[in-house]
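Take a look at the structure below.
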Amino acid sequence: MRNAKHGLLFAALTIAAVAAADDAPRRLAARAIGDTPIFDDLRELCDGVGGRPTGSPAAFRSIEWAARKFKAAGIERVSLEPFKIPNLWLPGTAEASATAPEQFTVRVAAAPFTSSTEGTLEARVVDAGEGSEADFAKLGATAKGAIALVHNKEMKTFDDLFAEYLRNDSLVAAAKKAGVAALLLESTRPRGLLYRHPMSFDGSLVPIPTAIVNREHAERLRRLAEKGEVRVRLNLQNKLGGEYESHNVVADIPGREQPGEIVLIGAHLDSWDLGTGAEDNGVNVALVLDVARGFKQLGIVPRRTIRFVLFTGEEQGMWGSRRYVERHRAELDRHAAVVVFDTGSGRLTGFYLNGREDLRAPVNQALAVVGGFNAIDHTIEAIDGTDNFDFLVSGVPNLVGVQDPIPYLPDYHVESDTFDRVNQREEKATAAIASALVWALAENPERLKRQTRSEVEKLLVDTKLDEQMKAFGQWEDFKSGKRGLFQ
Ligand SMILES: [Zn+2]
């Protein structure tokens, strides 16, 4: 990337021109776009630690690394909060090859939360179309004991990405019914790219060995299968385990007047392993660290406590933030706001208000000092799929950055999610905006309001988030009070 500072000069001047009553947010923002170690941190995390699926040795190293980083930034109150995740799934061996009618290597990546093959499996390939119930029904008895190849169109938008997840349950049900021995899911990214596609988010194991298969290899298999019998050898050996412990990294800058009130800024530290978790979500881990460093460096202590949290277990089903909410249940009334970043380094255009129109005015007011960045195109839409979720369903005011899908989306969970993908210029702007925002949320005398359970219920219906929660199997937990905690 080009020199980040140069391109931000205009915005910097805009910041300087705004005369704020308190110049703390201006100073924080100006510092963030200046010379900071944010990308040195990201390099250490991505190149030094690498991909870090929760429960792996690399994930433990990243947790220790992050705690060290907060301490080095001058934060005294740093803790590792332990929590439990139901089932361990880590990738191991994943090999495949075509054995007939031609012999060639087929590149595959095991799908998280699916089972291993018993040794090496060799079977006929059947073309299962797009994996619908009708597609499997059409195959009839030929699907039994076969390796079913499922086609996907190329992923171009967030809707495509969500559609891939929303299909999981029906695909598994149809494949089970047909009695297939394994599933090969065509990669939605062309040119050989593989990625991790989790098949469940509640910790349960899908009993069918499943892998993403290189798109071009999948197409070749499909064309060959049109002509006659195709056989594939598949060896998937995943590391499975029961309940295990991980940690969230929590660092506090205690407030000067209301230390019991908390403004939380968070990002998830864990990542999948094929790449090094730069866009998802190392870059925002580095942002959270750098925002913390800015407050310490400039000696700025707002009215309320700012809590910097690096969650783990996000990729496994948002376990870190879910457990945080459970652990801090009694404190949720005193959580003034939660701000989460989890879409890489694309330009920040505003925030998800997550169904709460009442957040728009205070957020805009907070962003006035960084008005040059024009990050005020907020959406009332509510999102499910990152660490704001359990706060949202518990009524805590929560915001998630809305960012350009590039560069995040094409490299999402892919081998190519590496340090060089990051848009450094935009990330510095986001760090400036985030600094000013959390300062205002922690400083302004008026506090954002926590919603009641009935207000949250209405919000979920109004934003249609209830439909997504049903599709992701979260609705029953909300209904029964397991998720969405109120006192
Ligand atoms: Zn993420």
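Every chain in the structure tokens has a letter given in the order shown (A, B, ...), and although residue numbers restart at 1 in each chain, ligands are simply numbered from 1 in the order shown.
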Env. residues ligand 1 / 12 Å / only C-alpha atoms and all ligand atoms / as JSON, numbers by chain: {"A": [53, 266, 267, 268, 269, 270, 271, 272, 277, 278, 279, 280, 281, 282, 283, 284, 285, 310, 311, 312, 313, 314, 315, 316, 317, 318, 340, 341, 342, 343, 344, 345, 384, 385, 386, 387, 388, 400, 408, 409, 411, 412, 413, 417]}
Include C-alpha atoms and write out the residues we just selected as a compact mmCIF listing (two decimals), in the first residue's frame.
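Final output, saved to part_1.txt:
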# COMPACT_ATOMS: atom_id res chain seq x y z
CA PRO A 53 -8.41 -21.15 14.89
CA GLY A 266 -14.09 -5.05 20.30
CA ALA A 267 -12.90 -7.26 17.49
CA HIS A 268 -12.31 -10.98 17.25
CA LEU A 269 -8.77 -12.21 17.59
CA ASP A 270 -9.29 -15.73 16.27
CA SER A 271 -9.30 -16.55 12.57
CA TRP A 272 -9.41 -19.49 10.24
CA GLY A 277 -6.49 -13.78 9.26
CA ALA A 278 -5.51 -10.28 8.14
CA GLU A 279 -8.80 -8.93 6.84
CA ASP A 280 -10.81 -11.29 9.04
CA ASN A 281 -10.04 -9.91 11.50
CA GLY A 282 -6.43 -9.15 12.41
CA VAL A 283 -6.61 -5.67 10.97
CA ASN A 284 -9.34 -4.72 13.45
CA VAL A 285 -7.48 -6.39 16.31
CA LEU A 310 -10.42 -9.11 21.77
CA PHE A 311 -12.85 -12.00 21.55
CA THR A 312 -12.00 -15.55 20.56
CA GLY A 313 -14.29 -18.35 19.41
CA GLU A 314 -16.03 -15.99 16.98
CA GLU A 315 -15.53 -18.20 13.95
CA GLN A 316 -16.90 -21.20 15.88
CA GLY A 317 -20.19 -19.41 16.57
CA MET A 318 -19.47 -16.14 18.43
CA VAL A 340 -17.50 -3.90 16.93
CA PHE A 341 -15.39 -4.00 13.77
CA ASP A 342 -15.33 -7.18 11.69
CA THR A 343 -15.27 -6.44 7.97
CA GLY A 344 -11.61 -5.93 7.26
CA SER A 345 -10.11 -2.70 6.03
CA ASP A 384 -26.32 -11.36 12.94
CA GLY A 385 -22.96 -13.01 12.51
CA THR A 386 -20.45 -11.13 14.60
CA ASP A 387 -19.70 -10.20 18.21
CA ASN A 388 -22.36 -7.51 18.63
CA VAL A 400 -20.92 -2.41 13.93
CA TYR A 408 -12.69 -8.15 2.83
CA LEU A 409 -15.16 -10.23 0.88
CA ASP A 411 -10.56 -13.14 0.75
CA TYR A 412 -13.09 -14.10 3.43
CA HIS A 413 -11.77 -17.30 5.13
CA ASP A 417 -6.39 -13.47 3.52
Which of range 320-404 of chain A fall in alpha helix (DSSP H), as a PyMOL selection string: chain A and resi 320-327+360-367+389-392
CA of Val125 in chain A to CA of Ala137 in chain A, straight-line distance in Å: 15.7 Å
Residues within 9 Å of Glu381 in chain A, please, as a JSON list (two decimals) with all heavy atoms, in the first residue's frame. Count only C-alpha atoms; anything in the same chain fewer than 3 positions from it doesn't count.
[["chain", "number", "residue", "atom", "x", "y", "z"],
["A", 352, "TYR", "N", -23.78, 0.11, 11.39],
["A", 352, "TYR", "CA", -25.05, -0.58, 11.58],
["A", 352, "TYR", "C", -25.61, -0.07, 12.90],
["A", 352, "TYR", "O", -24.95, -0.20, 13.94],
["A", 352, "TYR", "CB", -24.84, -2.10, 11.71],
["A", 352, "TYR", "CG", -24.55, -2.80, 10.41],
["A", 352, "TYR", "CD1", -23.25, -3.02, 10.00],
["A", 352, "TYR", "CD2", -25.59, -3.26, 9.60],
["A", 352, "TYR", "CE1", -22.97, -3.67, 8.81],
["A", 352, "TYR", "CE2", -25.33, -3.91, 8.40],
["A", 352, "TYR", "CZ", -24.02, -4.11, 8.01],
["A", 352, "TYR", "OH", -23.75, -4.76, 6.84],
["A", 353, "LEU", "N", -26.81, 0.50, 12.85],
["A", 353, "LEU", "CA", -27.46, 0.96, 14.08],
["A", 353, "LEU", "C", -28.18, -0.22, 14.74],
["A", 353, "LEU", "O", -28.71, -0.10, 15.83],
["A", 353, "LEU", "CB", -28.43, 2.09, 13.79],
["A", 353, "LEU", "CG", -27.80, 3.34, 13.13],
["A", 353, "LEU", "CD1", -28.89, 4.37, 12.81],
["A", 353, "LEU", "CD2", -26.73, 3.97, 14.01],
["A", 354, "ASN", "N", -28.20, -1.34, 14.03],
["A", 354, "ASN", "CA", -28.79, -2.57, 14.55],
["A", 354, "ASN", "C", -30.19, -2.36, 15.12],
["A", 354, "ASN", "O", -30.50, -2.75, 16.25],
["A", 354, "ASN", "CB", -27.84, -3.21, 15.57],
["A", 354, "ASN", "CG", -26.60, -3.74, 14.87],
["A", 354, "ASN", "OD1", -26.70, -4.44, 13.87],
["A", 354, "ASN", "ND2", -25.42, -3.36, 15.34],
["A", 355, "GLY", "N", -31.00, -1.72, 14.28],
["A", 355, "GLY", "CA", -32.41, -1.57, 14.60],
["A", 355, "GLY", "C", -32.75, -0.38, 15.48],
["A", 355, "GLY", "O", -33.91, -0.17, 15.81],
["A", 356, "ARG", "N", -31.73, 0.41, 15.86],
["A", 356, "ARG", "CA", -31.99, 1.47, 16.84],
["A", 356, "ARG", "C", -31.78, 2.86, 16.26],
["A", 356, "ARG", "O", -30.68, 3.41, 16.25],
["A", 356, "ARG", "CB", -31.11, 1.23, 18.07],
["A", 356, "ARG", "CG", -31.54, -0.03, 18.79],
["A", 356, "ARG", "CD", -30.97, -0.14, 20.15],
["A", 356, "ARG", "NE", -31.12, 1.06, 20.97],
["A", 356, "ARG", "CZ", -30.78, 1.10, 22.24],
["A", 356, "ARG", "NH1", -30.27, 0.04, 22.82],
["A", 356, "ARG", "NH2", -30.93, 2.21, 22.94],
["A", 378, "HIS", "N", -25.23, 5.66, 7.86],
["A", 378, "HIS", "CA", -25.59, 4.53, 8.73],
["A", 378, "HIS", "C", -26.76, 3.75, 8.16],
["A", 378, "HIS", "O", -27.53, 4.27, 7.37],
["A", 378, "HIS", "CB", -25.97, 5.03, 10.13],
["A", 378, "HIS", "CG", -24.99, 6.02, 10.68],
["A", 378, "HIS", "ND1", -23.63, 5.76, 10.75],
["A", 378, "HIS", "CD2", -25.16, 7.27, 11.17],
["A", 378, "HIS", "CE1", -23.02, 6.81, 11.27],
["A", 378, "HIS", "NE2", -23.91, 7.74, 11.53],
["A", 463, "THR", "N", -36.78, -5.61, 12.18],
["A", 463, "THR", "CA", -35.60, -5.67, 11.30],
["A", 463, "THR", "C", -35.51, -7.01, 10.58],
["A", 463, "THR", "O", -34.58, -7.24, 9.82],
["A", 463, "THR", "CB", -34.30, -5.50, 12.13],
["A", 463, "THR", "OG1", -34.26, -6.53, 13.13],
["A", 463, "THR", "CG2", -34.21, -4.13, 12.77],
["A", 464, "LYS", "N", -36.48, -7.90, 10.85],
["A", 464, "LYS", "CA", -36.48, -9.25, 10.28],
["A", 464, "LYS", "C", -35.26, -10.06, 10.72],
["A", 464, "LYS", "O", -34.90, -11.05, 10.09],
["A", 464, "LYS", "CB", -36.54, -9.22, 8.75],
["A", 464, "LYS", "CG", -37.83, -8.60, 8.19],
["A", 464, "LYS", "CD", -37.96, -8.98, 6.72],
["A", 464, "LYS", "CE", -39.33, -8.71, 6.17],
["A", 464, "LYS", "NZ", -39.64, -7.31, 5.96],
["A", 465, "LEU", "N", -34.61, -9.63, 11.79],
["A", 465, "LEU", "CA", -33.48, -10.41, 12.28],
["A", 465, "LEU", "C", -33.98, -11.76, 12.82],
["A", 465, "LEU", "O", -33.24, -12.73, 12.86],
["A", 465, "LEU", "CB", -32.71, -9.65, 13.37],
["A", 465, "LEU", "CG", -31.25, -10.09, 13.53],
["A", 465, "LEU", "CD1", -30.44, -9.68, 12.30],
["A", 465, "LEU", "CD2", -30.61, -9.49, 14.78]]
Surrounding residues of Val108 in chain A excluding itself and chain neighbours under 2 positions, 6 Å, only C-alpha atoms, as a ChimeraX atom specification: /A:211-213
Exercise: Lys71 in chain A partners within 12 Å, only C-alpha atoms, chain neighbours under 2 positions left out, as a PyMOL selection string: chain A and resi 64-69+73-79+249-253+289+292-293+296
Nearest to Ser246 in chain A, chosen from A:Asp40, A:Arg26, A:Lys470, A:Leu80, with only C-alpha atoms counted in the distances: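 Residue with the minimum atom-to-atom distance to Ser246 in chain A: A:Leu80.
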From A:Thr93, A:Gln365, A:Thr114, A:Thr157, residue lying nearest Pro198 in chain A [only C-alpha atoms]: A:Thr114
